[in-house]
There are 2 protein chains.
Amino acid sequence: MPPPDGRRVRGDRRRREILAATLRVVERDGVAGVSHRSVAREAGVPTTSTTYYYATLDELLIATLTWSAEEMAASFRQVSLTPAAVARFIADAAGPHRGRTLAEYELYLLAARRPELRAAARRWISLMAEVAGPRDPVALRAVLAGLDGLLIQALIADFPPMAEDLEPVVSLLMLGG
Amino acid sequence: MPPPDGRRVRGDRRRREILAATLRVVERDGVAGVSHRSVAREAGVPTTSTTYYYATLDELLIATLTWSAEEMAASFRQVSLTPAAVARFIADAAGPHRGRTLAEYELYLLAARRPELRAAARRWISLMAEVAGPRDPVALRAVLAGLDGLLIQALIADFPPMAEDLEPVVSLLMLGG
DNA sequence: AAACAAGTTGAACAGTTGTTCCACTAGTCT
DNA sequence: AGACTAGTGGAACAACTGTTCAACTTGTTT
């Protein structure tokens, strides 16, 4: 809950605008395309604004990707637990929401190099665990890995897979037959 | 088979040195750390050498990652098909060979943005298909996704998982129980 | 021996980068 | 009213980037 302080509130808005702009840049050009200047250009603010709120590029990246994972969590919770719904979710993630999903996966991999991002990355996994439903630890791990791999393989396919094709695979992973 | 031509042979050697140096840079600093100059420094050659053999940075990256996937294929074929061996492979990939595996996964994800890398990325998948052994398409896809996800999740864990912990999960994925 | 292509290299180009500095405005507190 | 602080933004810094150029060496072919 932000304080009802005039100054802070104004600052927070611009903070969010910068984060949103950064995410758009990542979606469009990948993490590689993020610079203080490219983000400032995208947000329509002077370059010094981005450095004012996020002193270093690392800080900016970490804040963006953490926030983005947090934001994605909200929409994630609305997915129901049937294999068909999960298949539809993966198909959408690799199709219409491709850019966003790609950005999210770059965070995922960046977490391998930057421990600060691990929390956000694990957030992803624990959300998938909710989707997978309760089951014993070994089976849970297998399902999570399966859904994760399905998603990433969908991203590098020449054409995004269709939900109907995904459904039997998801079903096999989630129901074990 | 390279021609026994003196000039070409000498050139090819330097080509390989540059590729190897690039891979080392990717392992150490990620794709983000690759520049004509950083690679040249790593290889101990002048900057113009890297541009002579690979006119653009993209060309260099694509060549390196394609070659690296091809090279990894060799060691991959030696993995036997038992769940225990696959578990050991994953544990090693996330532990001792972490840098290399990370580099390989950055290729994997880069393929999502650059179609030129898709062939190399799919090579990965088809190699895993060999490890998985023959089975019907749906089951194969589930196993491949599972192994893929297990590997990537091992990379973002705080500590690399041990083969013993991995083994039951791999077993469940491969044998379905 | 001359001609040629392949390979090698230092220097330089213009453009971009992260980051810092300083002057300025606009709200808030005393 | 004056002092203070958060926020704003223009200009500049040195460092680095991808890429090109022209000069040079080397090995091979005629």
# chains A, B, ... in the order shown; residues from 1 in each chain; ligands from 1

$ interface_residues --of "chain B" --to "chain A" --cutoff "10 Å" --atoms "only C-alpha atoms" --output "tab-separated table (two decimals) with N, CA and C atoms, in the first residue's frame"
chain	number	residue	atom	x	y	z
B	28	ARG	N	31.21	-17.95	-19.88
B	28	ARG	CA	31.58	-17.08	-18.78
B	28	ARG	C	30.59	-15.93	-18.59
B	29	ASP	N	30.27	-15.23	-19.68
B	29	ASP	CA	29.49	-13.99	-19.56
B	29	ASP	C	28.15	-14.01	-20.27
B	30	GLY	N	27.82	-15.13	-20.86
B	30	GLY	CA	26.56	-15.18	-21.58
B	30	GLY	C	26.68	-14.58	-22.97
B	31	VAL	N	25.63	-14.75	-23.75
B	31	VAL	CA	25.60	-14.20	-25.10
B	31	VAL	C	25.82	-12.69	-25.05
B	32	ALA	N	25.35	-12.07	-23.98
B	32	ALA	CA	25.48	-10.62	-23.83
B	32	ALA	C	26.94	-10.18	-23.83
B	98	ARG	N	28.03	-26.87	-15.78
B	98	ARG	CA	27.00	-25.84	-15.71
B	98	ARG	C	27.19	-24.75	-16.76
B	99	GLY	N	28.40	-24.23	-16.86
B	99	GLY	CA	28.66	-23.15	-17.80
B	99	GLY	C	28.29	-23.53	-19.21
B	102	LEU	N	24.52	-23.89	-19.62
B	102	LEU	CA	23.90	-22.57	-19.68
B	102	LEU	C	24.07	-21.96	-21.07
B	105	TYR	N	21.71	-23.50	-23.39
B	105	TYR	CA	20.33	-23.06	-23.21
B	105	TYR	C	20.09	-21.66	-23.71
B	106	GLU	N	21.11	-20.85	-23.69
B	106	GLU	CA	20.95	-19.52	-24.26
B	106	GLU	C	20.76	-19.62	-25.77
B	108	TYR	N	19.36	-22.15	-27.15
B	108	TYR	CA	18.03	-22.71	-27.23
B	108	TYR	C	16.99	-21.58	-27.26
B	109	LEU	N	17.15	-20.65	-26.37
B	109	LEU	CA	16.19	-19.56	-26.27
B	109	LEU	C	16.39	-18.55	-27.39
B	110	LEU	N	17.63	-18.36	-27.79
B	110	LEU	CA	17.91	-17.45	-28.89
B	110	LEU	C	17.21	-17.94	-30.16
B	111	ALA	N	17.09	-19.25	-30.26
B	111	ALA	CA	16.43	-19.84	-31.43
B	111	ALA	C	14.99	-19.37	-31.53
B	112	ALA	N	14.40	-19.01	-30.40
B	112	ALA	CA	13.03	-18.52	-30.43
B	112	ALA	C	12.94	-17.19	-31.18
B	113	ARG	N	14.04	-16.41	-31.14
B	113	ARG	CA	14.03	-15.12	-31.82
B	113	ARG	C	14.69	-15.19	-33.20
B	114	ARG	N	15.59	-16.15	-33.40
B	114	ARG	CA	16.31	-16.23	-34.67
B	114	ARG	C	16.11	-17.58	-35.32
B	115	PRO	N	15.33	-17.60	-36.37
B	115	PRO	CA	15.05	-18.86	-37.06
B	115	PRO	C	16.30	-19.59	-37.51
B	117	LEU	N	18.75	-20.37	-35.99
B	117	LEU	CA	19.25	-21.26	-34.94
B	117	LEU	C	18.31	-22.42	-34.66
B	118	ARG	N	17.17	-22.41	-35.28
B	118	ARG	CA	16.17	-23.45	-34.98
B	118	ARG	C	16.70	-24.84	-35.28
B	119	ALA	N	17.43	-24.96	-36.39
B	119	ALA	CA	17.94	-26.27	-36.77
B	119	ALA	C	18.82	-26.84	-35.66
B	121	ALA	N	18.79	-26.03	-32.53
B	121	ALA	CA	17.99	-26.29	-31.34
B	121	ALA	C	17.23	-27.61	-31.47
B	122	ARG	N	16.74	-27.84	-32.67
B	122	ARG	CA	15.99	-29.09	-32.87
B	122	ARG	C	16.91	-30.30	-32.82
B	125	ILE	N	16.82	-31.58	-29.48
B	125	ILE	CA	15.61	-32.33	-29.17
B	125	ILE	C	15.66	-33.72	-29.77
B	137	PRO	N	4.21	-41.10	-30.46
B	137	PRO	CA	4.50	-39.65	-30.54
B	137	PRO	C	4.07	-38.86	-29.32
B	138	VAL	N	2.90	-39.13	-28.81
B	138	VAL	CA	2.43	-38.37	-27.65
B	138	VAL	C	3.32	-38.62	-26.45
B	139	ALA	N	3.61	-39.86	-26.20
B	139	ALA	CA	4.46	-40.20	-25.06
B	139	ALA	C	5.86	-39.63	-25.24
B	140	LEU	N	6.36	-39.70	-26.47
B	140	LEU	CA	7.69	-39.16	-26.75
B	140	LEU	C	7.75	-37.68	-26.42
B	141	ARG	N	6.74	-36.97	-26.87
B	141	ARG	CA	6.71	-35.55	-26.63
B	141	ARG	C	6.68	-35.23	-25.14
B	142	ALA	N	5.94	-36.03	-24.40
B	142	ALA	CA	5.86	-35.82	-22.96
B	142	ALA	C	7.22	-36.05	-22.30
B	143	VAL	N	7.91	-37.11	-22.71
B	143	VAL	CA	9.21	-37.41	-22.12
B	143	VAL	C	10.22	-36.31	-22.45
B	144	LEU	N	10.25	-35.90	-23.72
B	144	LEU	CA	11.19	-34.86	-24.13
B	144	LEU	C	10.97	-33.58	-23.34
B	145	ALA	N	9.72	-33.19	-23.25
B	145	ALA	CA	9.40	-31.97	-22.50
B	145	ALA	C	9.84	-32.13	-21.05
B	146	GLY	N	9.58	-33.30	-20.49
B	146	GLY	CA	9.93	-33.55	-19.09
B	146	GLY	C	11.43	-33.42	-18.85
B	147	LEU	N	12.22	-34.05	-19.71
B	147	LEU	CA	13.67	-33.99	-19.54
B	147	LEU	C	14.17	-32.55	-19.73
B	148	ASP	N	13.62	-31.89	-20.71
B	148	ASP	CA	13.99	-30.51	-20.97
B	148	ASP	C	13.71	-29.63	-19.74
B	149	GLY	N	12.51	-29.74	-19.22
B	149	GLY	CA	12.15	-28.94	-18.07
B	149	GLY	C	12.97	-29.27	-16.84
B	150	LEU	N	13.26	-30.55	-16.68
B	150	LEU	CA	14.08	-30.96	-15.54
B	150	LEU	C	15.45	-30.30	-15.61
B	151	LEU	N	15.98	-30.24	-16.80
B	151	LEU	CA	17.30	-29.65	-17.01
B	151	LEU	C	17.28	-28.15	-16.71
B	152	ILE	N	16.30	-27.46	-17.23
B	152	ILE	CA	16.28	-26.01	-17.04
B	152	ILE	C	15.99	-25.67	-15.58
B	153	GLN	N	15.17	-26.46	-14.94
B	153	GLN	CA	14.88	-26.18	-13.53
B	153	GLN	C	16.09	-26.49	-12.66
B	154	ALA	N	16.89	-27.45	-13.11
B	154	ALA	CA	18.12	-27.75	-12.38
B	154	ALA	C	19.09	-26.56	-12.45
B	155	LEU	N	19.00	-25.82	-13.55
B	155	LEU	CA	19.92	-24.69	-13.74
B	155	LEU	C	19.59	-23.50	-12.84
B	156	ILE	N	18.32	-23.34	-12.51
B	156	ILE	CA	17.98	-22.17	-11.70
B	156	ILE	C	17.83	-22.51	-10.22
B	157	ALA	N	18.11	-23.75	-9.86
B	157	ALA	CA	18.09	-24.11	-8.44
B	157	ALA	C	19.30	-23.48	-7.75
B	158	ASP	N	19.17	-23.28	-6.45
B	158	ASP	CA	20.29	-22.69	-5.73
B	158	ASP	C	21.48	-23.63	-5.68
B	165	ASP	N	18.59	-37.80	-6.33
B	165	ASP	CA	17.29	-37.15	-6.19
B	165	ASP	C	16.56	-37.07	-7.52
B	166	LEU	N	17.33	-36.95	-8.56
B	166	LEU	CA	16.75	-36.83	-9.89
B	166	LEU	C	16.20	-38.18	-10.38
B	167	GLU	N	16.85	-39.23	-9.99
B	167	GLU	CA	16.59	-40.54	-10.58
B	167	GLU	C	15.13	-40.98	-10.53
B	168	PRO	N	14.45	-40.89	-9.38
B	168	PRO	CA	13.05	-41.31	-9.38
B	168	PRO	C	12.17	-40.48	-10.31
B	169	VAL	N	12.47	-39.19	-10.42
B	169	VAL	CA	11.68	-38.33	-11.31
B	169	VAL	C	11.90	-38.74	-12.76
B	170	VAL	N	13.17	-38.90	-13.12
B	170	VAL	CA	13.48	-39.33	-14.49
B	170	VAL	C	12.82	-40.68	-14.77
B	171	SER	N	12.89	-41.52	-13.79
B	171	SER	CA	12.31	-42.86	-13.95
B	171	SER	C	10.81	-42.77	-14.21
B	172	LEU	N	10.16	-41.93	-13.44
B	172	LEU	CA	8.71	-41.75	-13.63
B	172	LEU	C	8.41	-41.22	-15.02
B	173	LEU	N	9.21	-40.27	-15.45
B	173	LEU	CA	8.98	-39.68	-16.78
B	173	LEU	C	9.22	-40.70	-17.90
B	176	GLY	N	7.07	-44.11	-16.92
B	176	GLY	CA	5.64	-43.89	-16.65
B	176	GLY	C	5.19	-44.56	-15.38
B	177	GLY	N	6.04	-44.67	-14.41
B	177	GLY	CA	5.62	-45.27	-13.14
B	177	GLY	C	6.86	-45.70	-12.45

$ interface_residues --of "chain C" --to "chain B" --cutoff "8 Å" --atoms "only C-alpha atoms (C1' of nucleotides)" --output "MDAnalysis selection string"
chainID C and resid 6:9

$ residues_around --residues "Ala163 in chain B" --least-positions-apart "3" --cutoff "9 Å" --atoms "only C-alpha atoms (C1' of nucleotides)" --output "PDB file with C-alpha atoms, in the first residue's frame"
ATOM      1  CA  ALA B  84      19.916 -43.688 -13.679  1.00  0.00           C
ATOM      2  CA  ALA B  85      22.325 -42.715 -16.445  1.00  0.00           C
ATOM      3  CA  VAL B  86      20.062 -39.915 -17.632  1.00  0.00           C
ATOM      4  CA  ALA B  87      19.741 -38.643 -14.059  1.00  0.00           C
ATOM      5  CA  ARG B  88      23.519 -38.634 -13.781  1.00  0.00           C
ATOM      6  CA  PHE B  89      23.759 -36.749 -17.064  1.00  0.00           C
ATOM      7  CA  ILE B  90      21.374 -34.053 -15.869  1.00  0.00           C
ATOM      8  CA  ALA B  91      23.156 -33.740 -12.537  1.00  0.00           C
ATOM      9  CA  ASP B  92      26.474 -33.309 -14.335  1.00  0.00           C
ATOM     10  CA  LEU B 166      16.747 -36.835  -9.891  1.00  0.00           C
ATOM     11  CA  GLU B 167      16.595 -40.539 -10.579  1.00  0.00           C
TER      12      GLU B 167
END

$ residues_around --residues "DA14 in chain C" --least-positions-apart "2" --cutoff "10 Å" --atoms "only C-alpha atoms (C1' of nucleotides)" --output "list in words"
DA12 and DT16 of chain C; DT19 of chain D

$ residues_around --residues "Leu81 in chain A" --least-positions-apart "6" --cutoff "9 Å" --atoms "only C-alpha atoms (C1' of nucleotides)" --output "MDAnalysis selection string"
chainID A and resid 130:133

$ atom_distance --atom1 "CA of Ala40 in chain B" --atom2 "CA of Glu104 in chain B"
21.0 Å

$ interface_residues --of "chain D" --to "chain A" --cutoff "10 Å" --atoms "only C-alpha atoms (C1' of nucleotides)" --output "number ranges by chain"
D: 5-10

$ decode --residues "range 25-58 of chain B" --atoms "N, CA, C and O atoms" --output "mmCIF file, in the first residue's frame"
data_model
loop_
_atom_site.group_PDB
_atom_site.id
_atom_site.type_symbol
_atom_site.label_atom_id
_atom_site.label_comp_id
_atom_site.auth_asym_id
_atom_site.auth_seq_id
_atom_site.Cartn_x
_atom_site.Cartn_y
_atom_site.Cartn_z
ATOM 1 N N VAL B 25 33.542 -17.426 -24.004
ATOM 2 C CA VAL B 25 32.967 -16.146 -23.582
ATOM 3 C C VAL B 25 31.487 -16.328 -23.208
ATOM 4 O O VAL B 25 31.033 -15.801 -22.201
ATOM 5 N N VAL B 26 30.771 -17.076 -24.016
ATOM 6 C CA VAL B 26 29.354 -17.306 -23.721
ATOM 7 C C VAL B 26 29.208 -18.043 -22.389
ATOM 8 O O VAL B 26 28.358 -17.704 -21.567
ATOM 9 N N GLU B 27 30.063 -19.029 -22.172
ATOM 10 C CA GLU B 27 29.993 -19.767 -20.913
ATOM 11 C C GLU B 27 30.230 -18.831 -19.722
ATOM 12 O O GLU B 27 29.555 -18.924 -18.707
ATOM 13 N N ARG B 28 31.205 -17.951 -19.882
ATOM 14 C CA ARG B 28 31.584 -17.082 -18.784
ATOM 15 C C ARG B 28 30.594 -15.934 -18.587
ATOM 16 O O ARG B 28 30.124 -15.681 -17.486
ATOM 17 N N ASP B 29 30.265 -15.227 -19.685
ATOM 18 C CA ASP B 29 29.493 -13.987 -19.557
ATOM 19 C C ASP B 29 28.148 -14.008 -20.268
ATOM 20 O O ASP B 29 27.454 -12.994 -20.275
ATOM 21 N N GLY B 30 27.818 -15.131 -20.859
ATOM 22 C CA GLY B 30 26.561 -15.183 -21.584
ATOM 23 C C GLY B 30 26.681 -14.581 -22.967
ATOM 24 O O GLY B 30 27.701 -13.977 -23.311
ATOM 25 N N VAL B 31 25.631 -14.755 -23.746
ATOM 26 C CA VAL B 31 25.604 -14.198 -25.100
ATOM 27 C C VAL B 31 25.820 -12.691 -25.047
ATOM 28 O O VAL B 31 26.438 -12.103 -25.938
ATOM 29 N N ALA B 32 25.353 -12.066 -23.980
ATOM 30 C CA ALA B 32 25.477 -10.619 -23.829
ATOM 31 C C ALA B 32 26.942 -10.178 -23.835
ATOM 32 O O ALA B 32 27.254 -9.058 -24.232
ATOM 33 N N GLY B 33 27.836 -11.051 -23.406
ATOM 34 C CA GLY B 33 29.242 -10.682 -23.290
ATOM 35 C C GLY B 33 30.028 -10.839 -24.582
ATOM 36 O O GLY B 33 31.219 -10.537 -24.627
ATOM 37 N N VAL B 34 29.358 -11.297 -25.626
ATOM 38 C CA VAL B 34 30.055 -11.556 -26.882
ATOM 39 C C VAL B 34 30.156 -10.292 -27.725
ATOM 40 O O VAL B 34 29.149 -9.665 -28.042
ATOM 41 N N SER B 35 31.361 -9.909 -28.053
ATOM 42 C CA SER B 35 31.592 -8.837 -29.017
ATOM 43 C C SER B 35 32.812 -9.238 -29.832
ATOM 44 O O SER B 35 33.600 -10.090 -29.407
ATOM 45 N N HIS B 36 32.959 -8.638 -30.990
ATOM 46 C CA HIS B 36 34.139 -8.946 -31.793
ATOM 47 C C HIS B 36 35.402 -8.811 -30.959
ATOM 48 O O HIS B 36 36.320 -9.616 -31.036
ATOM 49 N N ARG B 37 35.418 -7.767 -30.161
ATOM 50 C CA ARG B 37 36.635 -7.512 -29.392
ATOM 51 C C ARG B 37 36.840 -8.487 -28.237
ATOM 52 O O ARG B 37 37.945 -8.954 -27.997
ATOM 53 N N SER B 38 35.772 -8.784 -27.515
ATOM 54 C CA SER B 38 35.926 -9.691 -26.367
ATOM 55 C C SER B 38 36.355 -11.078 -26.845
ATOM 56 O O SER B 38 37.179 -11.731 -26.203
ATOM 57 N N VAL B 39 35.814 -11.494 -27.962
ATOM 58 C CA VAL B 39 36.187 -12.798 -28.508
ATOM 59 C C VAL B 39 37.643 -12.783 -28.965
ATOM 60 O O VAL B 39 38.408 -13.708 -28.678
ATOM 61 N N ALA B 40 38.019 -11.709 -29.653
ATOM 62 C CA ALA B 40 39.399 -11.603 -30.134
ATOM 63 C C ALA B 40 40.374 -11.627 -28.956
ATOM 64 O O ALA B 40 41.389 -12.317 -28.991
ATOM 65 N N ARG B 41 40.043 -10.910 -27.901
ATOM 66 C CA ARG B 41 40.891 -10.894 -26.704
ATOM 67 C C ARG B 41 41.024 -12.320 -26.155
ATOM 68 O O ARG B 41 42.116 -12.770 -25.845
ATOM 69 N N GLU B 42 39.885 -12.992 -26.050
ATOM 70 C CA GLU B 42 39.878 -14.349 -25.494
ATOM 71 C C GLU B 42 40.706 -15.310 -26.348
ATOM 72 O O GLU B 42 41.383 -16.193 -25.821
ATOM 73 N N ALA B 43 40.638 -15.121 -27.655
ATOM 74 C CA ALA B 43 41.352 -16.023 -28.552
ATOM 75 C C ALA B 43 42.809 -15.615 -28.742
ATOM 76 O O ALA B 43 43.603 -16.378 -29.296
ATOM 77 N N GLY B 44 43.149 -14.414 -28.286
ATOM 78 C CA GLY B 44 44.510 -13.939 -28.470
ATOM 79 C C GLY B 44 44.821 -13.577 -29.914
ATOM 80 O O GLY B 44 45.940 -13.774 -30.384
ATOM 81 N N VAL B 45 43.846 -13.072 -30.606
ATOM 82 C CA VAL B 45 44.049 -12.646 -31.995
ATOM 83 C C VAL B 45 43.563 -11.207 -32.130
ATOM 84 O O VAL B 45 42.791 -10.738 -31.299
ATOM 85 N N PRO B 46 44.023 -10.510 -33.167
ATOM 86 C CA PRO B 46 43.556 -9.132 -33.345
ATOM 87 C C PRO B 46 42.074 -9.103 -33.699
ATOM 88 O O PRO B 46 41.523 -10.075 -34.219
ATOM 89 N N THR B 47 41.469 -7.975 -33.404
ATOM 90 C CA THR B 47 40.026 -7.841 -33.605
ATOM 91 C C THR B 47 39.624 -8.091 -35.048
ATOM 92 O O THR B 47 38.558 -8.638 -35.323
ATOM 93 N N THR B 48 40.469 -7.689 -35.958
ATOM 94 C CA THR B 48 40.104 -7.826 -37.365
ATOM 95 C C THR B 48 39.992 -9.278 -37.799
ATOM 96 O O THR B 48 39.332 -9.575 -38.786
ATOM 97 N N SER B 49 40.657 -10.167 -37.072
ATOM 98 C CA SER B 49 40.549 -11.583 -37.410
ATOM 99 C C SER B 49 39.119 -12.084 -37.250
ATOM 100 O O SER B 49 38.613 -12.831 -38.083
ATOM 101 N N THR B 50 38.481 -11.676 -36.176
ATOM 102 C CA THR B 50 37.122 -12.170 -35.935
ATOM 103 C C THR B 50 36.167 -11.621 -36.996
ATOM 104 O O THR B 50 35.234 -12.311 -37.403
ATOM 105 N N THR B 51 36.422 -10.410 -37.451
ATOM 106 C CA THR B 51 35.533 -9.866 -38.478
ATOM 107 C C THR B 51 35.895 -10.430 -39.847
ATOM 108 O O THR B 51 35.067 -10.472 -40.736
ATOM 109 N N TYR B 52 37.136 -10.839 -40.001
ATOM 110 C CA TYR B 52 37.530 -11.413 -41.292
ATOM 111 C C TYR B 52 36.793 -12.734 -41.512
ATOM 112 O O TYR B 52 36.259 -12.989 -42.586
ATOM 113 N N TYR B 53 36.756 -13.553 -40.492
ATOM 114 C CA TYR B 53 36.133 -14.870 -40.654
ATOM 115 C C TYR B 53 34.622 -14.828 -40.474
ATOM 116 O O TYR B 53 33.891 -15.615 -41.062
ATOM 117 N N TYR B 54 34.167 -13.911 -39.645
ATOM 118 C CA TYR B 54 32.727 -13.795 -39.437
ATOM 119 C C TYR B 54 32.348 -12.320 -39.538
ATOM 120 O O TYR B 54 32.472 -11.579 -38.556
ATOM 121 N N ALA B 55 31.891 -11.969 -40.694
ATOM 122 C CA ALA B 55 31.718 -10.561 -41.033
ATOM 123 C C ALA B 55 30.865 -9.817 -40.001
ATOM 124 O O ALA B 55 31.199 -8.718 -39.590
ATOM 125 N N THR B 56 29.790 -10.432 -39.580
ATOM 126 C CA THR B 56 28.936 -9.760 -38.606
ATOM 127 C C THR B 56 28.894 -10.570 -37.314
ATOM 128 O O THR B 56 29.214 -11.759 -37.288
ATOM 129 N N LEU B 57 28.472 -9.922 -36.267
ATOM 130 C CA LEU B 57 28.369 -10.583 -34.970
ATOM 131 C C LEU B 57 27.369 -11.732 -35.025
ATOM 132 O O LEU B 57 27.586 -12.782 -34.428
ATOM 133 N N ASP B 58 26.290 -11.505 -35.712
ATOM 134 C CA ASP B 58 25.276 -12.539 -35.851
ATOM 135 C C ASP B 58 25.862 -13.808 -36.443
ATOM 136 O O ASP B 58 25.615 -14.909 -35.956
#
